[in-house]
Structures are given as structure tokens and as C-alpha cells.
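> Sharing model-v7.txt (compact mmCIF, C-alpha atoms) below.
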```txt
# COMPACT_ATOMS: atom_id res chain seq x y z
CA MET A 1 61.95 170.85 126.24
CA ASN A 2 63.88 168.34 128.22
CA LYS A 3 64.11 164.66 127.32
CA LYS A 4 61.70 163.49 130.02
CA MET A 5 59.00 165.82 128.74
CA LEU A 6 59.46 164.50 125.18
CA VAL A 7 59.16 160.91 126.39
CA VAL A 8 55.89 161.70 128.18
CA LEU A 9 54.58 163.44 125.06
CA ALA A 10 55.58 160.44 122.93
CA TYR A 11 53.70 158.09 125.29
CA ILE A 12 50.59 160.25 124.98
CA LEU A 13 50.90 160.34 121.18
CA ALA A 14 51.40 156.57 121.08
CA ALA A 15 48.17 156.06 123.01
CA VAL A 16 46.27 158.47 120.75
CA PHE A 17 47.58 156.81 117.58
CA ALA A 18 46.73 153.34 118.94
CA VAL A 19 43.15 154.42 119.67
CA LEU A 20 42.86 155.99 116.22
CA ALA A 21 44.15 152.78 114.64
CA VAL A 22 41.44 150.76 116.38
CA VAL A 23 38.80 153.30 115.31
CA TYR A 24 39.95 153.09 111.68
CA PHE A 25 39.97 149.28 111.75
CA VAL A 26 36.48 148.82 113.18
CA THR A 27 34.51 151.84 111.94
CA PRO A 28 33.21 152.11 108.38
CA ALA A 29 34.18 155.28 106.51
CA ASP A 30 30.64 156.65 106.53
CA HIS A 31 30.50 156.45 110.37
CA LEU A 32 33.78 158.27 111.03
CA LEU A 33 33.69 161.76 112.46
CA HIS A 34 33.48 164.38 109.73
CA PHE A 35 36.83 165.99 110.56
CA MET A 36 38.79 162.70 110.45
CA PRO A 37 40.81 161.93 107.32
CA GLY A 38 39.13 159.20 105.32
CA TYR A 39 35.53 160.19 106.02
CA SER A 40 33.35 159.38 103.04
CA ALA A 41 29.56 159.37 103.12
CA SER A 42 29.37 156.86 100.27
CA MET A 43 31.93 154.31 101.53
CA THR A 44 30.87 151.53 103.88
CA THR A 45 34.21 149.75 104.39
CA PRO A 46 36.82 150.55 107.05
CA HIS A 47 40.01 152.37 106.08
CA ILE A 48 42.64 149.71 106.64
CA LYS A 49 45.50 151.85 105.26
CA HIS A 50 44.69 154.71 107.63
CA GLY A 51 44.60 152.21 110.50
CA LEU A 52 47.94 150.73 109.55
CA ALA A 53 49.50 154.19 109.29
CA CYS A 54 48.27 155.09 112.78
CA LEU A 55 49.53 151.76 114.10
CA VAL A 56 52.98 152.37 112.60
CA LEU A 57 53.08 155.83 114.18
CA ALA A 58 52.09 154.36 117.57
CA VAL A 59 54.87 151.77 117.35
CA ALA A 60 57.36 154.47 116.30
CA CYS A 61 56.43 156.57 119.33
CA CYS A 62 56.82 153.54 121.60
CA LEU A 63 60.24 152.79 120.13
CA TYR A 64 61.29 156.39 120.69
CA CYS A 65 60.17 156.12 124.32
CA ARG A 66 62.09 152.90 124.75
CA PHE A 67 65.38 154.22 123.41
CA ALA A 68 65.15 157.83 124.63
CA GLY A 69 63.88 156.97 128.08
CA GLY A 70 66.08 153.95 128.68
CA PRO A 71 68.53 153.58 131.54
CA LYS A 72 71.52 155.88 131.58
CA ALA A 73 74.98 154.42 131.00
CA SER A 74 77.05 154.55 134.14
CA ALA A 75 80.63 155.82 134.24
CA GLN A 76 81.93 152.29 134.93
CA GLU A 77 80.44 150.87 131.72
CA GLN A 78 82.14 153.45 129.50
```
Let me see the file written as C-alpha cells.

Amino acid sequence: MNKKMLVVLAYILAAVFAVLAVVYFVTPADHLLHFMPGYSASMTTPHIKHGLACLVLAVACCLYCRFAGGPKASAQEQ
């Protein structure tokens, strides 16, 4: 894979993780989809730790995009 393809993939992952973070913050555990980590039929509070983990992953993907997809150094600057 070339670098541009990885940056695009990281942007997509950042968006997915950001959406998942919002879902974990606002949805109680008993209303999550059954295949999502943290689903519990007996719990009625949101999973804040899962939301924070997804938020950290989204920020990490954005930081990767920023530094990997940044402007190229020209020959004059080196």
C-alpha cells in the first residue's frame, strides 16, 4: 500500500471511531447492538471507558493523517 492509501484509510477509521465514541457516550449498555463490545442486558448506564477508548483511537488516526499526509519537504529546505 502506498502512503496516500494509508492516509485515506486512517481518515475513514477516524470517522468510524468518532461515531462509535458518540454511540458509547449516549447509548446505555442494554441498548447497544448485540455484537458491540460492552453490551449488557442488565446494565442501564453508558460505557464511558469504551467511548474514551474509541475517542483516543480517533485522535490517534487523525494525528497519523496529519503527520503522514503533511506537505513534503522541498530540496531547498534540506
> Env of His47 (chain A): 10 Å cut, atoms = only C-alpha atoms, seq-sep filter 3 positions within chain, self excluded. Answer as a PyMOL selection string.
chain A and resi 21+23-29+32+37-39+43-44+50-52
> Measuring atom to atom with only C-alpha atoms, identify which of A:Leu33, A:Cys61, A:Val56, A:Ala68 is nearest to Leu13 (chain A).
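Looking at the shortest contact to Leu13 (chain A), the residue is A:Cys61.
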> Can you work out the spacing between CA of Tyr11 (chain A) and CA of Phe67 (chain A) in Å, to one decimal?
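Atom-to-atom, CA of Tyr11 (chain A) and CA of Phe67 (chain A) are spaced 12.4 Å apart.
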> Name the closest residue to Ala60 (chain A) among the candidates A:Lys3, A:Val8, A:Ser40, A:Ala14; distances are taken between atoms, counting all atoms listed in the file.
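Closest residue, counting all atoms listed in the file: A:Ala14.
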> Would you please work out which residue, of A:Leu6, A:Val59, A:Cys65, A:Ile48, is nearest to Ala18 (chain A) when using all atoms listed in the file?
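Closest to Ala18 (chain A) of all the choices is A:Val59.
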> Check the smallest atom-to-atom distance from each of A:Ala10, A:His34, A:Tyr64, A:Val22 to Pro46 (chain A) using all atoms listed in the file, then report the winner.
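Selected residue with least distance to Pro46 (chain A): A:Val22.
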> For CA of Ile12 (chain A) and CA of Leu57 (chain A), determine how far apart the two atoms are, in Å to one decimal place.
11.9 Å
